[in-house]
$ cat input-v1.csv   # CSV, C-alpha atoms
chain,number,residue,atom,x,y,z
A,1,MET,CA,10.9,-24.3,-16.0
A,2,LEU,CA,7.5,-24.4,-17.8
A,3,GLN,CA,6.8,-26.6,-20.8
A,4,ILE,CA,3.4,-26.6,-22.6
A,5,ARG,CA,2.9,-29.4,-25.2
A,6,ASP,CA,-0.1,-29.9,-27.6
A,7,LEU,CA,-2.4,-27.9,-25.4
A,8,HIS,CA,-6.1,-27.8,-26.3
A,9,ALA,CA,-8.6,-25.8,-24.2
A,10,TYR,CA,-12.3,-25.6,-24.2
A,11,TYR,CA,-15.2,-23.4,-22.9
A,12,GLY,CA,-18.0,-25.9,-23.0
A,13,LYS,CA,-18.2,-27.0,-26.6
A,14,SER,CA,-16.1,-24.1,-27.9
A,15,HIS,CA,-12.6,-25.3,-28.8
A,16,VAL,CA,-10.3,-22.3,-28.1
A,17,LEU,CA,-6.7,-23.6,-28.1
A,18,HIS,CA,-5.5,-25.9,-30.8
A,19,GLY,CA,-2.3,-27.6,-30.0
A,20,VAL,CA,-0.2,-24.9,-28.3
A,21,ASN,CA,3.5,-25.6,-27.6
A,22,MET,CA,5.5,-23.2,-25.5
A,23,ASP,CA,8.6,-23.1,-23.3
A,24,ILE,CA,9.7,-20.7,-20.6
A,25,ALA,CA,13.1,-20.9,-19.0
A,26,ARG,CA,14.1,-19.8,-15.5
A,27,GLY,CA,14.3,-16.0,-15.2
A,28,GLU,CA,13.1,-15.5,-18.8
A,29,ILE,CA,10.6,-12.9,-19.9
A,30,VAL,CA,8.4,-14.4,-22.6
A,31,ALA,CA,5.8,-12.2,-24.3
A,32,LEU,CA,2.6,-13.8,-25.7
A,33,LEU,CA,1.2,-11.5,-28.4
A,34,GLY,CA,-1.8,-11.4,-30.6
A,35,ARG,CA,-5.1,-9.7,-31.2
A,36,ASN,CA,-8.0,-10.0,-28.7
A,37,GLY,CA,-9.8,-13.3,-28.7
A,38,VAL,CA,-7.0,-15.5,-30.1
A,39,GLY,CA,-6.4,-17.5,-26.9
A,40,ARG,CA,-3.7,-15.6,-25.0
A,41,SER,CA,-5.7,-15.3,-21.8
A,42,THR,CA,-7.1,-18.8,-22.2
A,43,THR,CA,-3.5,-20.1,-22.3
A,44,CYS,CA,-2.9,-18.5,-18.8
A,45,LYS,CA,-6.1,-19.9,-17.5
A,46,ALA,CA,-5.3,-23.4,-18.8
A,47,VAL,CA,-2.0,-23.3,-17.0
A,48,MET,CA,-3.8,-22.4,-13.7
A,49,GLY,CA,-6.4,-25.1,-14.2
A,50,GLN,CA,-9.3,-22.8,-14.8
A,51,VAL,CA,-10.5,-24.3,-18.1
A,52,ALA,CA,-11.1,-27.7,-19.5
A,53,LEU,CA,-8.0,-28.9,-21.3
A,54,GLU,CA,-6.1,-31.6,-23.1
A,55,GLY,CA,-2.4,-31.9,-23.4
A,56,SER,CA,0.6,-31.5,-21.1
A,57,ILE,CA,1.6,-28.6,-18.9
A,58,ARG,CA,4.8,-29.4,-17.0
A,59,PHE,CA,6.3,-27.1,-14.3
A,60,LYS,CA,9.7,-28.2,-12.9
A,61,ASP,CA,9.0,-31.7,-14.4
A,62,GLN,CA,5.7,-32.0,-12.6
A,63,GLU,CA,2.5,-32.3,-14.5
A,64,LEU,CA,0.0,-29.5,-13.8
A,65,ALA,CA,-2.9,-30.7,-16.0
A,66,GLY,CA,-5.6,-32.1,-13.8
A,67,ARG,CA,-4.6,-30.2,-10.7
A,68,ARG,CA,-6.8,-27.6,-9.0
A,69,SER,CA,-5.9,-23.9,-9.1
A,70,PHE,CA,-4.8,-23.6,-5.5
A,71,GLU,CA,-2.5,-26.6,-5.8
A,72,ILE,CA,-0.9,-25.1,-8.9
A,73,ALA,CA,-0.4,-21.8,-7.0
A,74,ARG,CA,1.2,-23.5,-4.0
A,75,MET,CA,3.6,-25.3,-6.4
A,76,GLY,CA,5.0,-21.9,-7.4
A,77,VAL,CA,2.9,-20.6,-10.3
A,78,GLY,CA,1.6,-17.1,-9.9
A,79,TYR,CA,-1.2,-15.5,-12.0
A,80,VAL,CA,-2.2,-11.9,-12.4
A,81,PRO,CA,-5.4,-11.7,-14.4
A,82,GLU,CA,-6.4,-8.7,-16.5
A,83,ASN,CA,-9.4,-7.7,-14.3
A,84,ARG,CA,-7.3,-6.3,-11.4
A,85,ASP,CA,-8.8,-8.4,-8.6
A,86,ILE,CA,-8.4,-6.7,-5.3
A,87,PHE,CA,-10.2,-7.4,-2.0
A,88,ALA,CA,-12.4,-4.3,-1.4
A,89,GLY,CA,-13.0,-3.7,2.3
A,90,LEU,CA,-9.4,-4.7,3.2
A,91,THR,CA,-6.5,-2.3,3.3
A,92,THR,CA,-3.6,-2.3,0.9
A,93,ARG,CA,-1.4,-3.9,3.6
A,94,GLN,CA,-4.0,-6.6,4.2
A,95,ASN,CA,-4.3,-7.4,0.5
A,96,LEU,CA,-0.6,-7.9,0.3
A,97,ASN,CA,-0.6,-10.2,3.3
A,98,LEU,CA,-3.2,-12.4,1.7
A,99,GLY,CA,-0.7,-13.2,-1.0
A,100,VAL,CA,1.6,-15.1,1.4
A,101,LYS,CA,1.1,-18.8,1.2
A,102,PRO,CA,0.2,-20.8,4.3
A,103,GLY,CA,3.4,-21.9,6.0
A,104,GLN,CA,5.6,-19.8,3.8
A,105,LYS,CA,8.9,-19.0,5.3
A,106,GLY,CA,11.1,-16.3,3.7
A,107,GLY,CA,11.2,-15.8,-0.1
A,108,ARG,CA,12.4,-13.3,-2.7
A,109,TRP,CA,9.9,-10.6,-1.8
A,110,THR,CA,8.9,-8.7,1.4
A,111,MET,CA,6.3,-6.1,1.9
A,112,GLU,CA,9.1,-3.6,2.2
A,113,ASP,CA,10.2,-4.5,-1.3
A,114,MET,CA,6.7,-3.8,-2.5
A,115,PHE,CA,6.7,-0.4,-0.8
A,116,GLU,CA,10.2,0.5,-2.2
A,117,LEU,CA,9.1,-0.4,-5.7
A,118,PHE,CA,5.9,1.5,-5.5
A,119,PRO,CA,6.0,4.3,-2.9
A,120,ASN,CA,2.3,5.0,-3.6
A,121,LEU,CA,1.4,1.7,-2.0
A,122,ARG,CA,3.4,2.6,1.1
A,123,ASN,CA,1.5,6.0,1.3
A,124,ARG,CA,-1.8,4.2,1.1
A,125,ALA,CA,-0.9,1.0,3.0
A,126,ASP,CA,-3.7,1.4,5.5
A,127,VAL,CA,-6.5,2.6,3.3
A,128,ASP,CA,-9.2,0.5,1.7
A,129,ALA,CA,-7.8,-0.9,-1.5
A,130,ALA,CA,-11.1,-0.1,-3.2
A,131,VAL,CA,-10.2,3.6,-3.2
A,132,LEU,CA,-6.9,3.1,-5.0
A,133,SER,CA,-6.6,4.3,-8.6
A,134,GLY,CA,-6.7,1.8,-11.4
A,135,GLY,CA,-2.9,1.9,-11.8
A,136,GLU,CA,-2.4,1.5,-8.0
A,137,GLN,CA,-4.8,-1.5,-8.0
A,138,GLN,CA,-2.8,-3.0,-10.9
A,139,MET,CA,0.4,-2.6,-8.9
A,140,LEU,CA,-1.3,-4.1,-5.8
A,141,THR,CA,-2.5,-7.1,-7.7
A,142,MET,CA,1.0,-7.8,-9.1
A,143,CYS,CA,2.7,-7.2,-5.7
A,144,ARG,CA,0.2,-9.5,-3.9
A,145,THR,CA,1.0,-12.3,-6.3
A,146,LEU,CA,4.7,-11.7,-5.7
A,147,MET,CA,4.2,-12.0,-2.0
A,148,GLY,CA,3.5,-15.7,-2.5
A,149,ASP,CA,7.1,-16.1,-3.9
A,150,PRO,CA,6.2,-17.7,-7.3
A,151,GLU,CA,8.9,-19.2,-9.5
A,152,VAL,CA,6.9,-18.4,-12.6
A,153,ILE,CA,4.3,-15.6,-13.0
A,154,MET,CA,1.8,-15.1,-15.7
A,155,ILE,CA,0.7,-11.4,-16.1
A,156,ASP,CA,-2.2,-10.6,-18.3
A,157,GLU,CA,-2.4,-7.1,-19.9
A,158,PRO,CA,-0.6,-5.3,-17.0
A,159,THR,CA,-0.4,-1.9,-18.8
A,160,GLU,CA,-4.0,-1.7,-20.0
A,161,GLY,CA,-5.4,1.7,-19.3
A,162,LEU,CA,-2.3,3.0,-17.5
A,163,SER,CA,-0.5,6.3,-17.9
A,164,PRO,CA,2.9,6.3,-19.6
A,165,GLN,CA,4.6,6.9,-16.2
A,166,MET,CA,2.8,4.0,-14.6
A,167,THR,CA,3.4,1.8,-17.7
A,168,GLN,CA,7.2,2.4,-17.2
A,169,ARG,CA,6.9,1.4,-13.6
A,170,VAL,CA,5.3,-1.8,-14.6
A,171,ALA,CA,8.1,-2.4,-17.1
A,172,ASP,CA,10.7,-1.7,-14.4
A,173,LEU,CA,9.0,-4.2,-12.1
A,174,LEU,CA,8.9,-6.9,-14.7
A,175,ASN,CA,12.7,-6.5,-15.2
A,176,GLU,CA,13.2,-6.7,-11.5
A,177,ILE,CA,11.1,-9.8,-11.3
A,178,SER,CA,13.3,-11.4,-14.0
A,179,ARG,CA,16.5,-10.2,-12.3
A,180,ARG,CA,15.5,-12.2,-9.2
A,181,GLY,CA,15.2,-15.4,-11.2
A,182,VAL,CA,11.4,-15.5,-11.6
A,183,SER,CA,10.1,-16.6,-15.1
A,184,ILE,CA,7.5,-14.4,-16.7
A,185,LEU,CA,4.8,-15.1,-19.2
A,186,LEU,CA,3.6,-11.6,-20.3
A,187,VAL,CA,0.3,-11.2,-22.2
A,188,GLU,CA,0.6,-7.7,-23.7
A,189,GLN,CA,-1.1,-5.6,-26.3
A,190,LYS,CA,1.5,-2.8,-26.5
A,191,LEU,CA,4.0,-4.2,-28.9
A,192,ALA,CA,6.8,-1.7,-28.2
A,193,ILE,CA,6.8,-2.5,-24.5
A,194,ALA,CA,6.7,-6.2,-25.1
A,195,LEU,CA,9.6,-6.2,-27.6
A,196,ASP,CA,11.6,-3.9,-25.3
A,197,ILE,CA,11.6,-6.1,-22.3
A,198,ALA,CA,11.0,-9.7,-23.6
A,199,ASP,CA,13.7,-12.3,-24.2
A,200,ARG,CA,11.5,-14.2,-26.6
A,201,VAL,CA,8.1,-13.8,-28.1
A,202,TYR,CA,5.2,-16.0,-29.2
A,203,VAL,CA,2.5,-14.7,-31.5
A,204,MET,CA,-0.9,-16.4,-31.4
A,205,GLY,CA,-3.6,-16.5,-34.0
A,206,HIS,CA,-6.8,-18.6,-34.0
A,207,GLY,CA,-5.8,-20.5,-30.9
A,208,GLN,CA,-2.4,-21.5,-32.3
A,209,VAL,CA,1.2,-20.3,-32.1
A,210,VAL,CA,2.0,-18.8,-35.5
A,211,PHE,CA,5.4,-17.3,-34.7
A,212,GLU,CA,8.2,-17.9,-32.2
A,213,GLY,CA,11.5,-16.0,-32.0
A,214,THR,CA,13.4,-13.1,-30.4
A,215,PRO,CA,12.1,-9.5,-30.4
A,216,ASP,CA,14.6,-8.7,-33.2
A,217,ASP,CA,13.2,-11.6,-35.2
A,218,LEU,CA,9.7,-10.2,-35.0
A,219,ARG,CA,10.9,-6.7,-35.8
A,220,ALA,CA,12.3,-8.1,-39.0
A,221,ARG,CA,9.0,-9.8,-40.0
A,222,ALA,CA,6.7,-7.1,-41.2
A,223,ASP,CA,4.5,-9.9,-42.7
A,224,VAL,CA,3.9,-11.5,-39.4
A,225,ARG,CA,3.1,-8.2,-37.7
A,226,LYS,CA,0.7,-7.2,-40.4
A,227,GLU,CA,-1.2,-10.4,-40.5
A,228,TRP,CA,-1.4,-11.3,-36.8
A,229,LEU,CA,-0.8,-8.1,-34.8
A,230,GLU,CA,-1.7,-4.9,-36.5
A,231,VAL,CA,-5.2,-3.6,-36.6
$ encode --input "input-v1.csv" --output "structure tokens"
Amino acid sequence: MLQIRDLHAYYGKSHVLHGVNMDIARGEIVALLGRNGVGRSTTCKAVMGQVALEGSIRFKDQELAGRRSFEIARMGVGYVPENRDIFAGLTTRQNLNLGVKPGQKGGRWTMEDMFELFPNLRNRADVDAAVLSGGEQQMLTMCRTLMGDPEVIMIDEPTEGLSPQMTQRVADLLNEISRRGVSILLVEQKLAIALDIADRVYVMGHGQVVFEGTPDDLRARADVRKEWLEV
């Protein structure tokens, strides 16, 4: 579904990613782990065409490198950044409608699906999205992206700052996304959650992949966790 080969990324003269290789299969949940500043978010931004890059990023055998962000999104790649971008001044319902692609017909997700998954959004469908709680805004951002019916979705730190109850709702949504055949690249700091729901994990350090394997493989590697994950 998504293949990344020898990916290098830059912010001006700052060389952030150094030859990243990664694969995500259809319907697979892949967790991208590592400490802050190692290049996890930059990897997502590179896939979406938001940073200068070298290398190859192929989605369904089509090259993404060199395309603009809106073109990549229309091809079926969704991105939920960590800063919970919502459109203040628009209602929850209007924010969800903005996620639908021009000319889109049908898809895996409807607004009713969003309301069933997160009843709080139904209860606040017609209020300004700016007054939603942080957790509700996170849910809204994820649901708005799903309304565009992506085939792969990158989600950056979805549980940051959320209550345990809301964190579990996010985990349930991720599993439902995967169940419907959508691939997920999950950037996550909470190791327990990532290992619980991921099919495979990559660990990054200094802009490179330093470990790849299953959650059980990582659980068995105390040396990797100590050197690259634990504070």
$ closest_residue --input "input-v1.csv" --among "A:Met114, A:Leu7, A:Val127, A:Leu195" --to "Ala171 (chain A)" --atoms "only C-alpha atoms"
A:Leu195
$ axis_aligned_box --input "input-v1.csv" --around "region 74-80 of chain A" --padding-each-side "6 Å" --output "lines of an AutoDock Vina configuration file"
center_x = 1.4
center_y = -18.6
center_z = -8.2
size_x = 19.2
size_y = 25.4
size_z = 20.4
$ atom_distance --input "input-v1.csv" --atom1 "CA of Val47 (chain A)" --atom2 "CA of Ile193 (chain A)"
23.8 Å
$ closest_residue --input "input-v1.csv" --among "A:Asn175, A:Gly205, A:Asp199, A:Gln94" --to "Asp217 (chain A)" --atoms "only C-alpha atoms"
A:Asp199
$ residues_around --input "input-v1.csv" --residues "Glu188 (chain A)" --least-positions-apart "6" --cutoff "10 Å" --atoms "all atoms listed in the file" --output "PDB file with C-alpha atoms, in the coordinates of the input"
ATOM      1  CA  ALA A  31       5.800 -12.200 -24.300  1.00  0.00           C
ATOM      2  CA  LEU A  32       2.600 -13.800 -25.700  1.00  0.00           C
ATOM      3  CA  LEU A  33       1.200 -11.500 -28.400  1.00  0.00           C
ATOM      4  CA  GLY A  34      -1.800 -11.400 -30.600  1.00  0.00           C
ATOM      5  CA  ARG A  35      -5.100  -9.700 -31.200  1.00  0.00           C
ATOM      6  CA  ARG A  40      -3.700 -15.600 -25.000  1.00  0.00           C
ATOM      7  CA  ILE A 155       0.700 -11.400 -16.100  1.00  0.00           C
ATOM      8  CA  ASP A 156      -2.200 -10.600 -18.300  1.00  0.00           C
ATOM      9  CA  GLU A 157      -2.400  -7.100 -19.900  1.00  0.00           C
ATOM     10  CA  PRO A 158      -0.600  -5.300 -17.000  1.00  0.00           C
ATOM     11  CA  THR A 159      -0.400  -1.900 -18.800  1.00  0.00           C
ATOM     12  CA  GLU A 160      -4.000  -1.700 -20.000  1.00  0.00           C
ATOM     13  CA  ALA A 194       6.700  -6.200 -25.100  1.00  0.00           C
ATOM     14  CA  LEU A 195       9.600  -6.200 -27.600  1.00  0.00           C
TER      15      LEU A 195
END
$ atom_distance --input "input-v1.csv" --atom1 "CA of Val16 (chain A)" --atom2 "CA of Gly39 (chain A)"
6.3 Å
$ build_atoms --input "input-v1.csv" --residues "region 164-179 of chain A" --atoms "N, CA and C atoms" --output "PDB file, keeping the file's coordinate frame"
ATOM      1  N   PRO A 164       1.514   6.646 -19.199  1.00  0.00           N
ATOM      2  CA  PRO A 164       2.900   6.300 -19.600  1.00  0.00           C
ATOM      3  C   PRO A 164       3.836   6.157 -18.421  1.00  0.00           C
ATOM      4  N   GLN A 165       3.691   7.001 -17.395  1.00  0.00           N
ATOM      5  CA  GLN A 165       4.600   6.900 -16.200  1.00  0.00           C
ATOM      6  C   GLN A 165       4.334   5.587 -15.490  1.00  0.00           C
ATOM      7  N   MET A 166       3.063   5.215 -15.285  1.00  0.00           N
ATOM      8  CA  MET A 166       2.800   4.000 -14.600  1.00  0.00           C
ATOM      9  C   MET A 166       3.162   2.765 -15.444  1.00  0.00           C
ATOM     10  N   THR A 167       3.014   2.889 -16.761  1.00  0.00           N
ATOM     11  CA  THR A 167       3.400   1.800 -17.700  1.00  0.00           C
ATOM     12  C   THR A 167       4.932   1.554 -17.515  1.00  0.00           C
ATOM     13  N   GLN A 168       5.725   2.611 -17.387  1.00  0.00           N
ATOM     14  CA  GLN A 168       7.200   2.400 -17.200  1.00  0.00           C
ATOM     15  C   GLN A 168       7.472   1.774 -15.881  1.00  0.00           C
ATOM     16  N   ARG A 169       6.693   2.080 -14.861  1.00  0.00           N
ATOM     17  CA  ARG A 169       6.900   1.400 -13.600  1.00  0.00           C
ATOM     18  C   ARG A 169       6.632  -0.067 -13.650  1.00  0.00           C
ATOM     19  N   VAL A 170       5.597  -0.417 -14.418  1.00  0.00           N
ATOM     20  CA  VAL A 170       5.300  -1.800 -14.600  1.00  0.00           C
ATOM     21  C   VAL A 170       6.482  -2.512 -15.336  1.00  0.00           C
ATOM     22  N   ALA A 171       7.007  -1.869 -16.372  1.00  0.00           N
ATOM     23  CA  ALA A 171       8.100  -2.400 -17.100  1.00  0.00           C
ATOM     24  C   ALA A 171       9.345  -2.603 -16.174  1.00  0.00           C
ATOM     25  N   ASP A 172       9.589  -1.622 -15.318  1.00  0.00           N
ATOM     26  CA  ASP A 172      10.700  -1.700 -14.400  1.00  0.00           C
ATOM     27  C   ASP A 172      10.501  -2.904 -13.418  1.00  0.00           C
ATOM     28  N   LEU A 173       9.253  -3.092 -12.965  1.00  0.00           N
ATOM     29  CA  LEU A 173       9.000  -4.200 -12.100  1.00  0.00           C
ATOM     30  C   LEU A 173       9.194  -5.540 -12.765  1.00  0.00           C
ATOM     31  N   LEU A 174       8.752  -5.657 -14.002  1.00  0.00           N
ATOM     32  CA  LEU A 174       8.900  -6.900 -14.700  1.00  0.00           C
ATOM     33  C   LEU A 174      10.429  -7.238 -14.878  1.00  0.00           C
ATOM     34  N   ASN A 175      11.232  -6.238 -15.151  1.00  0.00           N
ATOM     35  CA  ASN A 175      12.700  -6.500 -15.200  1.00  0.00           C
ATOM     36  C   ASN A 175      13.261  -6.893 -13.901  1.00  0.00           C
ATOM     37  N   GLU A 176      12.748  -6.319 -12.813  1.00  0.00           N
ATOM     38  CA  GLU A 176      13.200  -6.700 -11.500  1.00  0.00           C
ATOM     39  C   GLU A 176      12.814  -8.107 -11.129  1.00  0.00           C
ATOM     40  N   ILE A 177      11.596  -8.472 -11.502  1.00  0.00           N
ATOM     41  CA  ILE A 177      11.100  -9.800 -11.300  1.00  0.00           C
ATOM     42  C   ILE A 177      12.057 -10.828 -11.961  1.00  0.00           C
ATOM     43  N   SER A 178      12.365 -10.555 -13.215  1.00  0.00           N
ATOM     44  CA  SER A 178      13.300 -11.400 -14.000  1.00  0.00           C
ATOM     45  C   SER A 178      14.649 -11.467 -13.359  1.00  0.00           C
ATOM     46  N   ARG A 179      15.131 -10.306 -12.911  1.00  0.00           N
ATOM     47  CA  ARG A 179      16.500 -10.200 -12.300  1.00  0.00           C
ATOM     48  C   ARG A 179      16.586 -11.138 -11.093  1.00  0.00           C
TER      49      ARG A 179
END
